[in-house]
file data_2.cif (mmCIF, N, CA, C and O atoms)
data_data
#
loop_
_atom_site.label_atom_id
_atom_site.label_comp_id
_atom_site.auth_asym_id
_atom_site.auth_seq_id
_atom_site.Cartn_x
_atom_site.Cartn_y
_atom_site.Cartn_z
N MET S 1 132.32 122.42 58.62
CA MET S 1 132.28 121.35 59.59
C MET S 1 131.44 121.84 60.77
O MET S 1 131.56 122.98 61.18
N LYS S 2 130.64 120.96 61.31
CA LYS S 2 129.77 121.33 62.43
C LYS S 2 130.37 120.81 63.73
O LYS S 2 131.06 119.80 63.75
N PRO S 3 130.08 121.52 64.84
CA PRO S 3 130.64 121.10 66.13
C PRO S 3 130.24 119.69 66.56
O PRO S 3 130.97 119.04 67.30
N ASP S 4 129.10 119.21 66.06
CA ASP S 4 128.66 117.86 66.45
C ASP S 4 129.01 116.80 65.42
O ASP S 4 128.55 115.66 65.50
N ASP S 5 129.87 117.14 64.46
CA ASP S 5 130.30 116.20 63.43
C ASP S 5 131.06 115.04 64.08
O ASP S 5 132.02 115.25 64.82
N PRO S 6 130.65 113.79 63.84
CA PRO S 6 131.34 112.64 64.46
C PRO S 6 132.81 112.54 64.04
O PRO S 6 133.61 111.94 64.75
N LEU S 7 133.16 113.12 62.91
CA LEU S 7 134.55 113.10 62.46
C LEU S 7 135.47 113.78 63.47
O LEU S 7 136.62 113.39 63.65
N LEU S 8 134.96 114.79 64.18
CA LEU S 8 135.77 115.49 65.17
C LEU S 8 136.22 114.58 66.30
O LEU S 8 137.24 114.83 66.94
N GLN S 9 135.47 113.51 66.55
CA GLN S 9 135.82 112.59 67.63
C GLN S 9 137.03 111.72 67.30
O GLN S 9 137.70 111.22 68.20
N ILE S 10 137.32 111.56 66.00
CA ILE S 10 138.43 110.68 65.61
C ILE S 10 139.63 111.42 65.05
O ILE S 10 140.70 110.83 64.93
N LEU S 11 139.47 112.70 64.71
CA LEU S 11 140.61 113.46 64.20
C LEU S 11 141.60 113.73 65.32
O LEU S 11 141.21 114.01 66.45
N ALA S 12 142.88 113.65 65.00
CA ALA S 12 143.93 113.88 66.00
C ALA S 12 145.04 114.72 65.38
O ALA S 12 145.25 114.72 64.17
N CYS S 13 145.74 115.42 66.24
CA CYS S 13 146.89 116.22 65.80
C CYS S 13 147.96 115.27 65.26
O CYS S 13 148.28 114.27 65.91
N PRO S 14 148.54 115.58 64.11
CA PRO S 14 149.57 114.69 63.56
C PRO S 14 150.88 114.71 64.37
O PRO S 14 151.70 113.82 64.21
N LEU S 15 151.05 115.69 65.23
CA LEU S 15 152.29 115.78 65.99
C LEU S 15 152.22 115.08 67.35
O LEU S 15 153.09 114.28 67.68
N ASP S 16 151.18 115.38 68.15
CA ASP S 16 151.11 114.75 69.47
C ASP S 16 149.99 113.72 69.59
O ASP S 16 149.80 113.12 70.65
N LYS S 17 149.26 113.50 68.53
CA LYS S 17 148.18 112.49 68.45
C LYS S 17 147.03 112.76 69.42
O LYS S 17 146.20 111.90 69.65
N GLY S 18 146.98 113.96 69.97
CA GLY S 18 145.90 114.34 70.88
C GLY S 18 144.71 114.92 70.13
O GLY S 18 144.77 115.16 68.93
N PRO S 19 143.61 115.17 70.85
CA PRO S 19 142.40 115.69 70.22
C PRO S 19 142.57 117.11 69.69
O PRO S 19 143.38 117.88 70.22
N LEU S 20 141.80 117.41 68.67
CA LEU S 20 141.76 118.75 68.09
C LEU S 20 140.40 119.36 68.38
O LEU S 20 139.42 118.65 68.55
N HIS S 21 140.34 120.68 68.41
CA HIS S 21 139.11 121.39 68.69
C HIS S 21 138.73 122.26 67.50
O HIS S 21 139.59 122.93 66.92
N LEU S 22 137.45 122.26 67.16
CA LEU S 22 136.96 123.08 66.07
C LEU S 22 136.93 124.53 66.51
O LEU S 22 136.43 124.86 67.60
N VAL S 23 137.48 125.41 65.68
CA VAL S 23 137.43 126.84 65.92
C VAL S 23 136.48 127.41 64.87
O VAL S 23 136.70 127.23 63.67
N VAL S 24 135.43 128.06 65.34
CA VAL S 24 134.40 128.57 64.45
C VAL S 24 134.66 130.03 64.12
O VAL S 24 135.23 130.77 64.93
N PRO S 25 134.24 130.47 62.93
CA PRO S 25 134.40 131.88 62.55
C PRO S 25 133.66 132.79 63.53
O PRO S 25 132.59 132.46 64.00
N ASP S 26 134.26 133.94 63.81
CA ASP S 26 133.62 134.89 64.72
C ASP S 26 133.11 136.13 64.00
O ASP S 26 132.60 137.03 64.63
N GLY S 27 133.26 136.19 62.70
CA GLY S 27 132.76 137.33 61.94
C GLY S 27 133.65 137.64 60.76
O GLY S 27 134.74 137.11 60.63
N PRO S 28 133.18 138.53 59.88
CA PRO S 28 133.91 138.83 58.65
C PRO S 28 135.04 139.85 58.81
O PRO S 28 135.69 140.19 57.83
N GLU S 29 135.29 140.34 60.04
CA GLU S 29 136.30 141.40 60.21
C GLU S 29 137.69 141.00 59.72
O GLU S 29 138.36 141.74 59.05
N HIS S 30 138.11 139.79 60.10
CA HIS S 30 139.44 139.29 59.72
C HIS S 30 139.24 137.97 59.00
O HIS S 30 139.16 136.93 59.64
N ALA S 31 139.16 138.02 57.70
CA ALA S 31 138.80 136.83 56.92
C ALA S 31 139.69 135.64 57.24
O ALA S 31 139.21 134.54 57.47
N GLU S 32 141.01 135.83 57.30
CA GLU S 32 141.90 134.68 57.56
C GLU S 32 141.76 134.21 59.00
O GLU S 32 141.69 133.02 59.27
N ALA S 33 141.73 135.14 59.95
CA ALA S 33 141.62 134.76 61.36
C ALA S 33 140.26 134.17 61.66
O ALA S 33 140.12 133.37 62.59
N ALA S 34 139.24 134.54 60.90
CA ALA S 34 137.89 134.07 61.16
C ALA S 34 137.61 132.74 60.47
O ALA S 34 136.54 132.18 60.63
N ALA S 35 138.55 132.24 59.70
CA ALA S 35 138.33 131.00 58.97
C ALA S 35 138.18 129.82 59.92
O ALA S 35 138.75 129.79 61.01
N GLU S 36 137.41 128.85 59.48
CA GLU S 36 137.22 127.63 60.24
C GLU S 36 138.54 126.86 60.28
O GLU S 36 139.26 126.77 59.30
N ALA S 37 138.86 126.30 61.45
CA ALA S 37 140.12 125.59 61.61
C ALA S 37 139.99 124.57 62.74
O ALA S 37 139.03 124.58 63.50
N LEU S 38 140.98 123.69 62.81
CA LEU S 38 141.11 122.78 63.93
C LEU S 38 142.31 123.26 64.73
O LEU S 38 143.33 123.67 64.17
N TYR S 39 142.18 123.21 66.06
CA TYR S 39 143.21 123.80 66.91
C TYR S 39 143.67 122.81 67.98
O TYR S 39 142.87 122.12 68.60
N ASN S 40 144.99 122.77 68.17
CA ASN S 40 145.59 121.99 69.24
C ASN S 40 146.11 122.98 70.27
O ASN S 40 147.17 123.59 70.09
N PRO S 41 145.36 123.19 71.37
CA PRO S 41 145.80 124.17 72.37
C PRO S 41 147.05 123.75 73.14
O PRO S 41 147.75 124.59 73.70
N ARG S 42 147.38 122.46 73.16
CA ARG S 42 148.57 122.00 73.86
C ARG S 42 149.84 122.46 73.18
O ARG S 42 150.82 122.82 73.83
N LEU S 43 149.84 122.43 71.85
CA LEU S 43 151.03 122.82 71.08
C LEU S 43 150.90 124.20 70.45
O LEU S 43 151.82 124.65 69.75
N HIS S 44 149.75 124.86 70.64
CA HIS S 44 149.47 126.17 70.03
C HIS S 44 149.58 126.09 68.51
O HIS S 44 150.17 126.95 67.87
N ARG S 45 148.98 125.03 67.92
CA ARG S 45 149.02 124.85 66.46
C ARG S 45 147.62 124.83 65.89
O ARG S 45 146.74 124.18 66.43
N ARG S 46 147.46 125.55 64.79
CA ARG S 46 146.18 125.64 64.09
C ARG S 46 146.32 124.97 62.72
O ARG S 46 147.31 125.17 62.01
N TYR S 47 145.32 124.15 62.38
CA TYR S 47 145.28 123.46 61.10
C TYR S 47 144.07 123.96 60.32
O TYR S 47 142.94 123.93 60.84
N PRO S 48 144.26 124.41 59.10
CA PRO S 48 143.14 124.97 58.33
C PRO S 48 142.16 123.90 57.84
O PRO S 48 142.52 122.73 57.71
N ILE S 49 140.95 124.34 57.60
CA ILE S 49 139.94 123.50 56.94
C ILE S 49 139.66 124.19 55.60
O ILE S 49 139.18 125.32 55.58
N VAL S 50 140.00 123.52 54.52
CA VAL S 50 139.86 124.09 53.18
C VAL S 50 138.76 123.33 52.44
O VAL S 50 138.86 122.11 52.27
N ASP S 51 137.72 124.05 52.02
CA ASP S 51 136.59 123.44 51.33
C ASP S 51 136.02 122.26 52.11
O ASP S 51 135.68 121.22 51.54
N GLY S 52 135.96 122.40 53.44
CA GLY S 52 135.39 121.36 54.29
C GLY S 52 136.33 120.21 54.60
O GLY S 52 135.93 119.26 55.27
N ILE S 53 137.57 120.27 54.13
CA ILE S 53 138.53 119.18 54.34
C ILE S 53 139.65 119.64 55.27
O ILE S 53 140.40 120.56 54.95
N PRO S 54 139.78 119.02 56.45
CA PRO S 54 140.87 119.38 57.36
C PRO S 54 142.23 119.06 56.75
O PRO S 54 142.44 117.98 56.21
N GLN S 55 143.14 120.01 56.83
CA GLN S 55 144.50 119.84 56.33
C GLN S 55 145.38 119.46 57.51
O GLN S 55 145.84 120.32 58.26
N LEU S 56 145.61 118.17 57.70
CA LEU S 56 146.27 117.68 58.90
C LEU S 56 147.69 117.17 58.69
O LEU S 56 148.19 116.37 59.47
N LEU S 57 148.35 117.63 57.66
CA LEU S 57 149.77 117.32 57.52
C LEU S 57 150.54 118.20 58.49
O LEU S 57 150.15 119.35 58.73
N PRO S 58 151.61 117.70 59.09
CA PRO S 58 152.37 118.54 60.02
C PRO S 58 152.78 119.89 59.41
O PRO S 58 152.74 120.91 60.09
N ALA S 59 153.12 119.90 58.14
CA ALA S 59 153.52 121.15 57.49
C ALA S 59 152.36 122.10 57.27
O ALA S 59 152.57 123.30 57.06
N SER S 60 151.13 121.61 57.33
CA SER S 60 149.95 122.46 57.12
C SER S 60 149.61 123.27 58.36
O SER S 60 148.96 124.30 58.28
N GLY S 61 150.04 122.80 59.52
CA GLY S 61 149.74 123.50 60.76
C GLY S 61 150.64 124.71 60.92
O GLY S 61 151.75 124.76 60.40
N GLU S 62 150.11 125.70 61.64
CA GLU S 62 150.93 126.88 61.90
C GLU S 62 150.93 127.18 63.39
O GLU S 62 149.92 127.02 64.07
N GLN S 63 152.09 127.57 63.87
CA GLN S 63 152.25 127.96 65.26
C GLN S 63 151.57 129.31 65.46
O GLN S 63 151.70 130.19 64.62
N VAL S 64 150.85 129.48 66.58
CA VAL S 64 150.18 130.75 66.85
C VAL S 64 150.82 131.42 68.06
O VAL S 64 151.39 130.76 68.93
N SER S 65 150.70 132.74 68.10
CA SER S 65 151.25 133.51 69.22
C SER S 65 150.39 133.31 70.46
O SER S 65 149.27 132.80 70.39
N ASP S 66 150.89 133.76 71.60
CA ASP S 66 150.13 133.65 72.84
C ASP S 66 148.83 134.44 72.78
O ASP S 66 147.80 133.99 73.28
N ASP S 67 148.87 135.62 72.16
CA ASP S 67 147.65 136.44 72.03
C ASP S 67 146.62 135.73 71.16
O ASP S 67 145.44 135.70 71.48
N GLU S 68 147.08 135.18 70.05
CA GLU S 68 146.16 134.47 69.16
C GLU S 68 145.65 133.19 69.84
O GLU S 68 144.50 132.80 69.64
N HIS S 69 146.47 132.56 70.64
CA HIS S 69 146.06 131.37 71.39
C HIS S 69 144.85 131.71 72.26
O HIS S 69 143.86 130.97 72.28
N GLU S 70 144.91 132.81 72.98
CA GLU S 70 143.80 133.23 73.84
C GLU S 70 142.54 133.48 73.02
O GLU S 70 141.44 133.10 73.42
N GLU S 71 142.69 134.11 71.86
CA GLU S 71 141.54 134.37 70.98
C GLU S 71 140.94 133.06 70.48
O GLU S 71 139.72 132.89 70.47
N LEU S 72 141.78 132.12 70.09
CA LEU S 72 141.29 130.83 69.58
C LEU S 72 140.58 130.03 70.68
O LEU S 72 139.60 129.36 70.41
N LEU S 73 141.06 130.12 71.90
CA LEU S 73 140.40 129.44 73.01
C LEU S 73 138.97 129.94 73.18
O LEU S 73 138.06 129.17 73.47
N GLN S 74 138.76 131.23 72.97
CA GLN S 74 137.42 131.81 73.10
C GLN S 74 136.53 131.40 71.94
O GLN S 74 135.31 131.34 72.09
N ARG S 75 137.11 131.14 70.77
CA ARG S 75 136.32 130.78 69.58
C ARG S 75 136.10 129.29 69.43
O ARG S 75 135.40 128.86 68.52
N MET S 76 136.66 128.46 70.31
CA MET S 76 136.49 127.02 70.19
C MET S 76 135.02 126.67 70.39
O MET S 76 134.37 127.18 71.29
N ALA S 77 134.53 125.77 69.54
CA ALA S 77 133.14 125.33 69.62
C ALA S 77 132.94 124.54 70.91
O ALA S 77 133.83 123.78 71.31
N PRO S 78 131.78 124.68 71.56
CA PRO S 78 131.52 123.94 72.80
C PRO S 78 131.40 122.45 72.58
O PRO S 78 131.16 121.94 71.56
#
call {"tool": "encode", "arguments": {"input": "data_2.cif", "output": "C-alpha cells"}}
result
Amino acid sequence: MKPDDPLLQILACPLDKGPLHLVVPDGPEHAEAAAEALYNPRLHRRYPIVDGIPQLLPASGEQVSDDEHEELLQRMAP
C-alpha cells in the first residue's frame, strides 16, 4: 500500500471509527516489526496488511506497548 493510496482516506479503525495511519517498513532487521501495517495511535492498536489487504477485524488488531507506540509514530508515513 502506498502513502498516497486513496483507500487510506476511507479506511477506519473498527473499534473507534477514527482514521488509521500507514506504517511503512523501516528495514529488514525485524521482519515482523518492519511489516507494513495500519495503526491507530489513539488506541495503540496495529492492524496488519497481508498481501496488500488490510486486516481490519477487531480481533486482527493487536495492542502495542508504549515503547512500540513511540517506534510506530516515527514510522508513520507522512
call {"tool": "resolve_selection", "arguments": {"input": "data_2.cif", "expression": "the PyMOL selection byres ((chain S and resi 62-76) around 8)", "output": "ChimeraX atom specification"}}
result
/S:21-26,33,37-41,43-48,55,57-61,77-78
call {"tool": "write_last_selection", "arguments": {"input": "data_2.cif", "atoms": "N, CA, C and O atoms", "output": "CSV table (one decimal), in the frame of the given file"}}
result
chain,number,residue,atom,x,y,z
S,21,HIS,N,140.3,120.7,68.4
S,21,HIS,CA,139.1,121.4,68.7
S,21,HIS,C,138.7,122.3,67.5
S,21,HIS,O,139.6,122.9,66.9
S,22,LEU,N,137.4,122.3,67.2
S,22,LEU,CA,137.0,123.1,66.1
S,22,LEU,C,136.9,124.5,66.5
S,22,LEU,O,136.4,124.9,67.6
S,23,VAL,N,137.5,125.4,65.7
S,23,VAL,CA,137.4,126.8,65.9
S,23,VAL,C,136.5,127.4,64.9
S,23,VAL,O,136.7,127.2,63.7
S,24,VAL,N,135.4,128.1,65.3
S,24,VAL,CA,134.4,128.6,64.4
S,24,VAL,C,134.7,130.0,64.1
S,24,VAL,O,135.2,130.8,64.9
S,25,PRO,N,134.2,130.5,62.9
S,25,PRO,CA,134.4,131.9,62.6
S,25,PRO,C,133.7,132.8,63.5
S,25,PRO,O,132.6,132.5,64.0
S,26,ASP,N,134.3,133.9,63.8
S,26,ASP,CA,133.6,134.9,64.7
S,26,ASP,C,133.1,136.1,64.0
S,26,ASP,O,132.6,137.0,64.6
S,33,ALA,N,141.7,135.1,60.0
S,33,ALA,CA,141.6,134.8,61.4
S,33,ALA,C,140.3,134.2,61.7
S,33,ALA,O,140.1,133.4,62.6
S,37,ALA,N,138.9,126.3,61.4
S,37,ALA,CA,140.1,125.6,61.6
S,37,ALA,C,140.0,124.6,62.7
S,37,ALA,O,139.0,124.6,63.5
S,38,LEU,N,141.0,123.7,62.8
S,38,LEU,CA,141.1,122.8,63.9
S,38,LEU,C,142.3,123.3,64.7
S,38,LEU,O,143.3,123.7,64.2
S,39,TYR,N,142.2,123.2,66.1
S,39,TYR,CA,143.2,123.8,66.9
S,39,TYR,C,143.7,122.8,68.0
S,39,TYR,O,142.9,122.1,68.6
S,40,ASN,N,145.0,122.8,68.2
S,40,ASN,CA,145.6,122.0,69.2
S,40,ASN,C,146.1,123.0,70.3
S,40,ASN,O,147.2,123.6,70.1
S,41,PRO,N,145.4,123.2,71.4
S,41,PRO,CA,145.8,124.2,72.4
S,41,PRO,C,147.0,123.8,73.1
S,41,PRO,O,147.8,124.6,73.7
S,43,LEU,N,149.8,122.4,71.8
S,43,LEU,CA,151.0,122.8,71.1
S,43,LEU,C,150.9,124.2,70.4
S,43,LEU,O,151.8,124.6,69.8
S,44,HIS,N,149.8,124.9,70.6
S,44,HIS,CA,149.5,126.2,70.0
S,44,HIS,C,149.6,126.1,68.5
S,44,HIS,O,150.2,127.0,67.9
S,45,ARG,N,149.0,125.0,67.9
S,45,ARG,CA,149.0,124.8,66.5
S,45,ARG,C,147.6,124.8,65.9
S,45,ARG,O,146.7,124.2,66.4
S,46,ARG,N,147.5,125.6,64.8
S,46,ARG,CA,146.2,125.6,64.1
S,46,ARG,C,146.3,125.0,62.7
S,46,ARG,O,147.3,125.2,62.0
S,47,TYR,N,145.3,124.2,62.4
S,47,TYR,CA,145.3,123.5,61.1
S,47,TYR,C,144.1,124.0,60.3
S,47,TYR,O,142.9,123.9,60.8
S,48,PRO,N,144.3,124.4,59.1
S,48,PRO,CA,143.1,125.0,58.3
S,48,PRO,C,142.2,123.9,57.8
S,48,PRO,O,142.5,122.7,57.7
S,55,GLN,N,143.1,120.0,56.8
S,55,GLN,CA,144.5,119.8,56.3
S,55,GLN,C,145.4,119.5,57.5
S,55,GLN,O,145.8,120.3,58.3
S,57,LEU,N,148.4,117.6,57.7
S,57,LEU,CA,149.8,117.3,57.5
S,57,LEU,C,150.5,118.2,58.5
S,57,LEU,O,150.2,119.4,58.7
S,58,PRO,N,151.6,117.7,59.1
S,58,PRO,CA,152.4,118.5,60.0
S,58,PRO,C,152.8,119.9,59.4
S,58,PRO,O,152.7,120.9,60.1
S,59,ALA,N,153.1,119.9,58.1
S,59,ALA,CA,153.5,121.2,57.5
S,59,ALA,C,152.4,122.1,57.3
S,59,ALA,O,152.6,123.3,57.1
S,60,SER,N,151.1,121.6,57.3
S,60,SER,CA,150.0,122.5,57.1
S,60,SER,C,149.6,123.3,58.4
S,60,SER,O,149.0,124.3,58.3
S,61,GLY,N,150.0,122.8,59.5
S,61,GLY,CA,149.7,123.5,60.8
S,61,GLY,C,150.6,124.7,60.9
S,61,GLY,O,151.8,124.8,60.4
S,77,ALA,N,134.5,125.8,69.5
S,77,ALA,CA,133.1,125.3,69.6
S,77,ALA,C,132.9,124.5,70.9
S,77,ALA,O,133.8,123.8,71.3
S,78,PRO,N,131.8,124.7,71.6
S,78,PRO,CA,131.5,123.9,72.8
S,78,PRO,C,131.4,122.4,72.6
S,78,PRO,O,131.2,121.9,71.6
call {"tool": "select_by_dssp", "arguments": {"input": "data_2.cif", "residues": "chain S", "states": "helix (DSSP H, G or I)", "output": "NGL selection string"}}
result
:S and (7-10 or 58-60 or 66-75)
call {"tool": "resolve_selection", "arguments": {"input": "data_2.cif", "expression": "the PyMOL selection byres ((chain S and resi 1-9) around 5)", "output": "list in words"}}
result
Ile10, Leu11 and Leu20 of chain S
call {"tool": "write_last_selection", "arguments": {"input": "data_2.cif", "atoms": "N, CA, C and O atoms", "output": "CSV table (one decimal), keeping the file's coordinate frame"}}
result
chain,number,residue,atom,x,y,z
S,10,ILE,N,137.3,111.6,66.0
S,10,ILE,CA,138.4,110.7,65.6
S,10,ILE,C,139.6,111.4,65.0
S,10,ILE,O,140.7,110.8,64.9
S,11,LEU,N,139.5,112.7,64.7
S,11,LEU,CA,140.6,113.5,64.2
S,11,LEU,C,141.6,113.7,65.3
S,11,LEU,O,141.2,114.0,66.4
S,20,LEU,N,141.8,117.4,68.7
S,20,LEU,CA,141.8,118.8,68.1
S,20,LEU,C,140.4,119.4,68.4
S,20,LEU,O,139.4,118.6,68.6
call {"tool": "atom_distance", "arguments": {"input": "data_2.cif", "atom1": "atom N of Ala12 of chain S", "atom2": "atom N of Asp51 of chain S"}}
result
17.4 Å
call {"tool": "atom_distance", "arguments": {"input": "data_2.cif", "atom1": "atom O of Pro14 of chain S", "atom2": "atom CA of Ala35 of chain S"}}
result
22.4 Å
